[in-house]
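Novice: Please find one structure pasted underneath; my questions will follow.
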Amino acid sequence: IKTSDSFGSIVMILFGYFVSFFWTQQVITNIQHTIVASTIGTWWYTPTDANSCWDDGLNHALWHSLTYSFGSICMGSLLVALVQGLKYLLRSLRQGFDCCECLLDCCLSCLEDMVQYFNSWAYTYIGIHGDSYVTSGRNVMALFDKVGWDAIIHDELASVVLWFLKVTIALLTGFVGWWYVNVTDTNSYETPDASDNSTRIFAQILGTNDSDDDDADTVAFIASTMIGYFISSIMMELVHSAIHGVIVCLAEAPALFHYHHPQLADDLVVAWKECYPEECADEFLTTSENYAVVTC
């Protein structure tokens, strides 16, 4: 029989486990986000320090993210981890359908999305300027309000496109795993060839067996899909972080973009004005020739 004390201890242990897990995951993700944003900032302001695969800009981004900005990263990550820990603790303890529990779960999900949204822009500003967590969040929101880009950042379609790409890659990887299991003869275990042995081992890891081919196909598809989604999420997060870095730098210093990268700037102006003809003021998005007089 479970006493109230033992049940409370189990709840606290579960909550601590969830928080520690999500905190670690958030810290790793946000370190990556900050490093990419810092590299974009270096490429934007001083492109000579970011003109190769591994240069001074990347070294500075790594050092700054893992030292001076690490406390800010941990602070914002903890806020998200606490909300996620409460949400998954509630789901793990839920028994049946309860209206109040569903409402609380919905509120926690909305709060999680709000904190994640704030963090994504705050960490972008931290990577570019190295300010504290609270200061960066305040400054980046004030920046968007100053240039009138509130509607633009709320209407960001990049995350939707990247999510679609992640799902597509995951499904393609799942079908590759399913196809591999079906074309591999897992019954030929007597082959002395090392390549055949590795093939057999991989097929067994994916769940193939002699007794139930349907279950093997299902396990292979699910396992391959999860692997594909995990790997694609890492790659797409790099792209998403870079997009945020470009948006913040463009709002803050468009003249430097036209000066250092005139061709890219002109291409971006054309595409940007097609999507947001009214929101983008001419003083922020114009041709590189107009900026040449100011910056030279």
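A note on labels: chains of the structure tokens are A, B, ... as shown, every chain counts residues from 1, and ligands are counted from 1 in their shown order.
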Mind checking which residues fall within 6 Å of segment 168-181 of chain A, counting only C-alpha atoms, ignoring those fewer than 5 positions away in the same chain, and posting them as a list in words?
Specialist: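 The residues satisfying every condition are Asp217, Ala220, Phe221, Ser224, Thr225, Gly228 and Tyr229 of chain A.
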Novice: Just to be explicit: take each residue in the selection above, keep C-alpha atoms, and write the result as a compact mmCIF listing (two decimals), in the first residue's frame.
Specialist:
# COMPACT_ATOMS: atom_id res chain seq x y z
CA ASP A 217 9.23 -4.43 -40.42
CA ALA A 220 12.72 -1.28 -38.40
CA PHE A 221 10.53 1.52 -39.74
CA SER A 224 14.91 4.29 -38.63
CA THR A 225 12.35 7.10 -38.50
CA GLY A 228 16.35 10.17 -39.13
CA TYR A 229 14.30 12.69 -37.16
Novice: Show me, as a ChimeraX atom specification, the residues that have an atom within 9 Å of segment 34-51 of chain A when counting only C-alpha atoms, minus same-chain residues fewer than 5 positions from it.
Specialist: /A:29,56-58,60-62,64-65,69,73,123-130,238-239,241-246,249-250,253,256-257,260-261
Novice: Pull N, CA and C atoms from the residues just selected and write them as an mmCIF file, in the first residue's frame.
Specialist:
data_model
loop_
_atom_site.group_PDB
_atom_site.id
_atom_site.type_symbol
_atom_site.label_atom_id
_atom_site.label_comp_id
_atom_site.auth_asym_id
_atom_site.auth_seq_id
_atom_site.Cartn_x
_atom_site.Cartn_y
_atom_site.Cartn_z
ATOM 1 N N THR A 29 21.147 22.341 -26.637
ATOM 2 C CA THR A 29 20.522 22.984 -27.793
ATOM 3 C C THR A 29 20.818 24.475 -27.841
ATOM 4 N N ASP A 56 38.894 32.431 -36.428
ATOM 5 C CA ASP A 56 38.832 33.131 -35.148
ATOM 6 C C ASP A 56 37.399 33.392 -34.694
ATOM 7 N N GLY A 57 36.497 33.611 -35.647
ATOM 8 C CA GLY A 57 35.107 33.855 -35.286
ATOM 9 C C GLY A 57 34.467 32.664 -34.610
ATOM 10 N N LEU A 58 34.727 31.467 -35.138
ATOM 11 C CA LEU A 58 34.170 30.265 -34.531
ATOM 12 C C LEU A 58 34.825 29.973 -33.191
ATOM 13 N N HIS A 60 36.005 32.179 -31.118
ATOM 14 C CA HIS A 60 35.427 33.136 -30.172
ATOM 15 C C HIS A 60 34.013 32.721 -29.776
ATOM 16 N N ALA A 61 33.232 32.223 -30.742
ATOM 17 C CA ALA A 61 31.865 31.794 -30.441
ATOM 18 C C ALA A 61 31.852 30.620 -29.464
ATOM 19 N N LEU A 62 32.730 29.661 -29.695
ATOM 20 C CA LEU A 62 32.816 28.510 -28.789
ATOM 21 C C LEU A 62 33.247 28.941 -27.390
ATOM 22 N N HIS A 64 33.151 31.930 -25.932
ATOM 23 C CA HIS A 64 32.213 32.819 -25.264
ATOM 24 C C HIS A 64 30.957 32.070 -24.816
ATOM 25 N N SER A 65 30.480 31.136 -25.634
ATOM 26 C CA SER A 65 29.262 30.392 -25.283
ATOM 27 C C SER A 65 29.494 29.443 -24.116
ATOM 28 N N SER A 69 28.881 33.336 -21.480
ATOM 29 C CA SER A 69 27.434 33.256 -21.702
ATOM 30 C C SER A 69 26.819 31.973 -21.155
ATOM 31 N N ILE A 73 22.809 30.967 -20.540
ATOM 32 C CA ILE A 73 22.229 29.815 -21.230
ATOM 33 C C ILE A 73 21.563 28.870 -20.238
ATOM 34 N N TYR A 123 18.668 34.232 -26.986
ATOM 35 C CA TYR A 123 19.959 33.572 -27.180
ATOM 36 C C TYR A 123 20.636 34.021 -28.462
ATOM 37 N N THR A 124 19.845 34.398 -29.451
ATOM 38 C CA THR A 124 20.442 34.974 -30.658
ATOM 39 C C THR A 124 21.174 36.270 -30.327
ATOM 40 N N TYR A 125 20.541 37.113 -29.521
ATOM 41 C CA TYR A 125 21.165 38.380 -29.122
ATOM 42 C C TYR A 125 22.362 38.139 -28.204
ATOM 43 N N ILE A 126 22.258 37.123 -27.340
ATOM 44 C CA ILE A 126 23.398 36.770 -26.482
ATOM 45 C C ILE A 126 24.598 36.355 -27.329
ATOM 46 N N GLY A 127 24.352 35.540 -28.351
ATOM 47 C CA GLY A 127 25.446 35.101 -29.204
ATOM 48 C C GLY A 127 26.095 36.246 -29.957
ATOM 49 N N ILE A 128 25.306 37.240 -30.370
ATOM 50 C CA ILE A 128 25.846 38.340 -31.163
ATOM 51 C C ILE A 128 26.575 39.354 -30.290
ATOM 52 N N HIS A 129 25.988 39.686 -29.115
ATOM 53 C CA HIS A 129 26.533 40.774 -28.300
ATOM 54 C C HIS A 129 27.091 40.319 -26.950
ATOM 55 N N GLY A 130 26.717 39.124 -26.488
ATOM 56 C CA GLY A 130 27.260 38.631 -25.231
ATOM 57 C C GLY A 130 26.645 39.240 -23.989
ATOM 58 N N LEU A 238 20.509 24.079 -36.766
ATOM 59 C CA LEU A 238 21.598 24.954 -37.202
ATOM 60 C C LEU A 238 21.087 25.999 -38.189
ATOM 61 N N VAL A 239 20.263 25.556 -39.123
ATOM 62 C CA VAL A 239 19.696 26.480 -40.109
ATOM 63 C C VAL A 239 18.779 27.487 -39.433
ATOM 64 N N SER A 241 18.832 28.554 -36.328
ATOM 65 C CA SER A 241 19.630 29.503 -35.561
ATOM 66 C C SER A 241 20.269 30.542 -36.469
ATOM 67 N N ALA A 242 20.746 30.113 -37.631
ATOM 68 C CA ALA A 242 21.343 31.050 -38.575
ATOM 69 C C ALA A 242 20.316 32.049 -39.096
ATOM 70 N N ILE A 243 19.096 31.596 -39.336
ATOM 71 C CA ILE A 243 18.034 32.500 -39.808
ATOM 72 C C ILE A 243 17.733 33.555 -38.756
ATOM 73 N N HIS A 244 17.647 33.154 -37.498
ATOM 74 C CA HIS A 244 17.410 34.118 -36.425
ATOM 75 C C HIS A 244 18.551 35.127 -36.330
ATOM 76 N N GLY A 245 19.777 34.655 -36.493
ATOM 77 C CA GLY A 245 20.903 35.557 -36.444
ATOM 78 C C GLY A 245 20.867 36.585 -37.568
ATOM 79 N N VAL A 246 20.502 36.156 -38.769
ATOM 80 C CA VAL A 246 20.413 37.076 -39.901
ATOM 81 C C VAL A 246 19.312 38.104 -39.663
ATOM 82 N N CYS A 249 20.530 40.695 -37.013
ATOM 83 C CA CYS A 249 21.566 41.563 -37.571
ATOM 84 C C CYS A 249 21.003 42.498 -38.638
ATOM 85 N N LEU A 250 20.065 42.018 -39.428
ATOM 86 C CA LEU A 250 19.458 42.857 -40.454
ATOM 87 C C LEU A 250 18.657 43.993 -39.837
ATOM 88 N N ALA A 253 21.747 46.296 -38.089
ATOM 89 C CA ALA A 253 22.783 46.942 -38.907
ATOM 90 C C ALA A 253 22.636 46.545 -40.370
ATOM 91 N N LEU A 256 25.704 47.548 -42.802
ATOM 92 C CA LEU A 256 26.895 46.701 -42.836
ATOM 93 C C LEU A 256 26.693 45.492 -43.745
ATOM 94 N N PHE A 257 25.473 44.987 -43.810
ATOM 95 C CA PHE A 257 25.193 43.862 -44.697
ATOM 96 C C PHE A 257 25.367 44.293 -46.149
ATOM 97 N N HIS A 260 29.325 44.842 -46.669
ATOM 98 C CA HIS A 260 30.193 43.659 -46.695
ATOM 99 C C HIS A 260 29.725 42.600 -47.696
ATOM 100 N N HIS A 261 28.434 42.489 -47.910
ATOM 101 C CA HIS A 261 27.896 41.446 -48.796
ATOM 102 C C HIS A 261 26.842 42.055 -49.716
#
Novice: Give me the residues within 9 Å of Leu93 of chain A as number ranges by chain, counting only C-alpha atoms and dropping any in the same chain fewer than 4 places off.
Specialist: A: 11, 88-89
Novice: Set the distance at 12 Å and use only C-alpha atoms: which residues neighbour Gly85 of chain A once local chain neighbours fewer than 3 positions away are removed? I'd like the list as a ChimeraX atom specification.
Specialist: /A:11-23,77-82,88-92,105,108-109,112
Novice: Would you please work out which residue, of A:Val219, A:Val270, A:Met114, A:Val134, is nearest to Gly71 of chain A when using only C-alpha atoms?
Specialist: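 Comparing A:Val219, A:Val270, A:Met114, A:Val134 against Gly71 of chain A, the winner is A:Val134.
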Novice: Give me the residues near Phe70 of chain A as a short mmCIF file (atom, residue, chain, number, x, y, z; two decimals) with C-alpha atoms, in the first residue's frame, where near means some atom within 10 Å (using only C-alpha atoms) and where sequence neighbours in that chain fewer than 6 positions away do not count.
Specialist:
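Okay, this is what ended up in selection_21.cif:
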data_model
loop_
_atom_site.label_atom_id
_atom_site.label_comp_id
_atom_site.auth_asym_id
_atom_site.auth_seq_id
_atom_site.Cartn_x
_atom_site.Cartn_y
_atom_site.Cartn_z
CA VAL A 27 21.47 23.64 -22.43
CA ASN A 30 20.94 26.58 -26.66
CA ILE A 31 24.74 26.36 -26.67
CA THR A 34 24.33 30.72 -29.35
CA TRP A 63 34.80 30.16 -26.02
CA HIS A 64 32.21 32.82 -25.26
CA SER A 132 22.98 38.76 -20.03
#
Novice: Tell me, in Å to one decimal, how far atom CA of Val160 of chain A is from atom CA of Glu237 of chain A.
Specialist: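 Atom CA of Val160 of chain A sits 12.1 Å away from atom CA of Glu237 of chain A.
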Novice: Using only C-alpha atoms, which of the listed residues (A:Ala223, A:Met75, A:Ala265, A:Met236) sits closest to Asn119 of chain A?
Specialist: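 Checking each of A:Ala223, A:Met75, A:Ala265, A:Met236 against Asn119 of chain A, counting only C-alpha atoms, the winner is A:Met75.
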Novice: Closest to Ala251 of chain A among A:Tyr276, A:Tyr117, A:Trp54, A:Trp149, using only C-alpha atoms?
Specialist: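 With only C-alpha atoms as the atom set, the closest residue is A:Trp149.
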Novice: Determine which residues of segment 34-80 of chain A receive a DSSP assignment of helix (DSSP H, G or I), computed from the backbone, and state them as a ChimeraX atom specification.
Specialist: /A:34-45,47-49,56-66,70-80
Novice: Output N, CA and C atoms for every residue in the selection just made, as a short mmCIF file (atom, residue, chain, number, x, y, z; two decimals), in the first residue's frame.
Specialist:
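Once everything was written out, this is part27.cif:
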data_model
loop_
_atom_site.label_atom_id
_atom_site.label_comp_id
_atom_site.auth_asym_id
_atom_site.auth_seq_id
_atom_site.Cartn_x
_atom_site.Cartn_y
_atom_site.Cartn_z
N THR A 34 23.51 29.54 -29.63
CA THR A 34 24.33 30.72 -29.35
C THR A 34 25.60 30.73 -30.20
N ILE A 35 26.21 29.58 -30.39
CA ILE A 35 27.42 29.50 -31.21
C ILE A 35 27.12 29.90 -32.65
N VAL A 36 26.02 29.40 -33.19
CA VAL A 36 25.67 29.75 -34.57
C VAL A 36 25.36 31.24 -34.69
N ALA A 37 24.59 31.78 -33.73
CA ALA A 37 24.27 33.21 -33.77
C ALA A 37 25.52 34.07 -33.66
N SER A 38 26.46 33.67 -32.81
CA SER A 38 27.70 34.42 -32.68
C SER A 38 28.51 34.38 -33.96
N THR A 39 28.54 33.24 -34.62
CA THR A 39 29.26 33.13 -35.89
C THR A 39 28.62 33.99 -36.97
N ILE A 40 27.28 34.02 -37.00
CA ILE A 40 26.57 34.88 -37.95
C ILE A 40 26.90 36.34 -37.67
N GLY A 41 26.93 36.72 -36.39
CA GLY A 41 27.28 38.09 -36.04
C GLY A 41 28.68 38.47 -36.48
N THR A 42 29.63 37.55 -36.32
CA THR A 42 31.00 37.82 -36.78
C THR A 42 31.04 37.96 -38.29
N TRP A 43 30.33 37.09 -39.00
CA TRP A 43 30.27 37.16 -40.46
C TRP A 43 29.61 38.47 -40.91
N TRP A 44 28.70 38.99 -40.11
CA TRP A 44 27.98 40.21 -40.46
C TRP A 44 28.82 41.46 -40.21
N TYR A 45 29.44 41.54 -39.03
CA TYR A 45 30.15 42.75 -38.63
C TYR A 45 31.62 42.74 -39.06
N PRO A 47 33.52 40.25 -41.38
CA PRO A 47 33.56 39.01 -42.19
C PRO A 47 34.95 38.44 -42.37
N THR A 48 35.99 39.24 -42.18
CA THR A 48 37.35 38.70 -42.32
C THR A 48 37.67 37.67 -41.24
N ASP A 49 36.94 37.70 -40.12
CA ASP A 49 37.15 36.72 -39.06
C ASP A 49 36.27 35.49 -39.21
N ASP A 56 38.89 32.43 -36.43
CA ASP A 56 38.83 33.13 -35.15
C ASP A 56 37.40 33.39 -34.69
N GLY A 57 36.50 33.61 -35.65
CA GLY A 57 35.11 33.86 -35.29
C GLY A 57 34.47 32.66 -34.61
N LEU A 58 34.73 31.47 -35.14
CA LEU A 58 34.17 30.26 -34.53
C LEU A 58 34.83 29.97 -33.19
N ASN A 59 36.12 30.19 -33.10
CA ASN A 59 36.80 30.00 -31.81
C ASN A 59 36.24 30.93 -30.74
N HIS A 60 36.01 32.18 -31.12
CA HIS A 60 35.43 33.14 -30.17
C HIS A 60 34.01 32.72 -29.78
N ALA A 61 33.23 32.22 -30.74
CA ALA A 61 31.86 31.79 -30.44
C ALA A 61 31.85 30.62 -29.46
N LEU A 62 32.73 29.66 -29.70
CA LEU A 62 32.82 28.51 -28.79
C LEU A 62 33.25 28.94 -27.39
N TRP A 63 34.28 29.74 -27.31
CA TRP A 63 34.80 30.16 -26.02
C TRP A 63 33.78 31.00 -25.26
N HIS A 64 33.15 31.93 -25.93
CA HIS A 64 32.21 32.82 -25.26
C HIS A 64 30.96 32.07 -24.82
N SER A 65 30.48 31.14 -25.63
CA SER A 65 29.26 30.39 -25.28
C SER A 65 29.49 29.44 -24.12
N LEU A 66 30.69 28.90 -24.01
CA LEU A 66 30.99 27.93 -22.96
C LEU A 66 31.56 28.56 -21.70
N PHE A 70 27.62 31.13 -20.54
CA PHE A 70 27.10 29.82 -20.09
C PHE A 70 26.07 29.99 -18.98
N GLY A 71 26.26 30.95 -18.09
CA GLY A 71 25.29 31.17 -17.03
C GLY A 71 23.95 31.62 -17.57
N SER A 72 23.96 32.52 -18.55
CA SER A 72 22.71 32.96 -19.17
C SER A 72 22.02 31.82 -19.89
N ILE A 73 22.81 30.97 -20.54
CA ILE A 73 22.23 29.81 -21.23
C ILE A 73 21.56 28.87 -20.24
N CYS A 74 22.23 28.61 -19.12
CA CYS A 74 21.66 27.72 -18.11
C CYS A 74 20.41 28.30 -17.46
N MET A 75 20.39 29.61 -17.28
CA MET A 75 19.24 30.26 -16.64
C MET A 75 17.99 30.13 -17.51
N GLY A 76 18.09 30.52 -18.77
CA GLY A 76 16.94 30.39 -19.66
C GLY A 76 16.53 28.96 -19.90
N SER A 77 17.51 28.07 -19.97
CA SER A 77 17.20 26.65 -20.17
C SER A 77 16.46 26.07 -18.98
N LEU A 78 16.80 26.54 -17.77
CA LEU A 78 16.12 26.04 -16.57
C LEU A 78 14.65 26.43 -16.57
N LEU A 79 14.33 27.61 -17.05
CA LEU A 79 12.93 28.03 -17.09
C LEU A 79 12.11 27.09 -17.98
N VAL A 80 12.65 26.76 -19.13
CA VAL A 80 11.96 25.84 -20.03
C VAL A 80 11.88 24.45 -19.41
#
Novice: Can you tell me how far atom CA of Ile153 of chain A sits from atom CA of Phe230 of chain A, in Å to one decimal?
Specialist: 26.1 Å
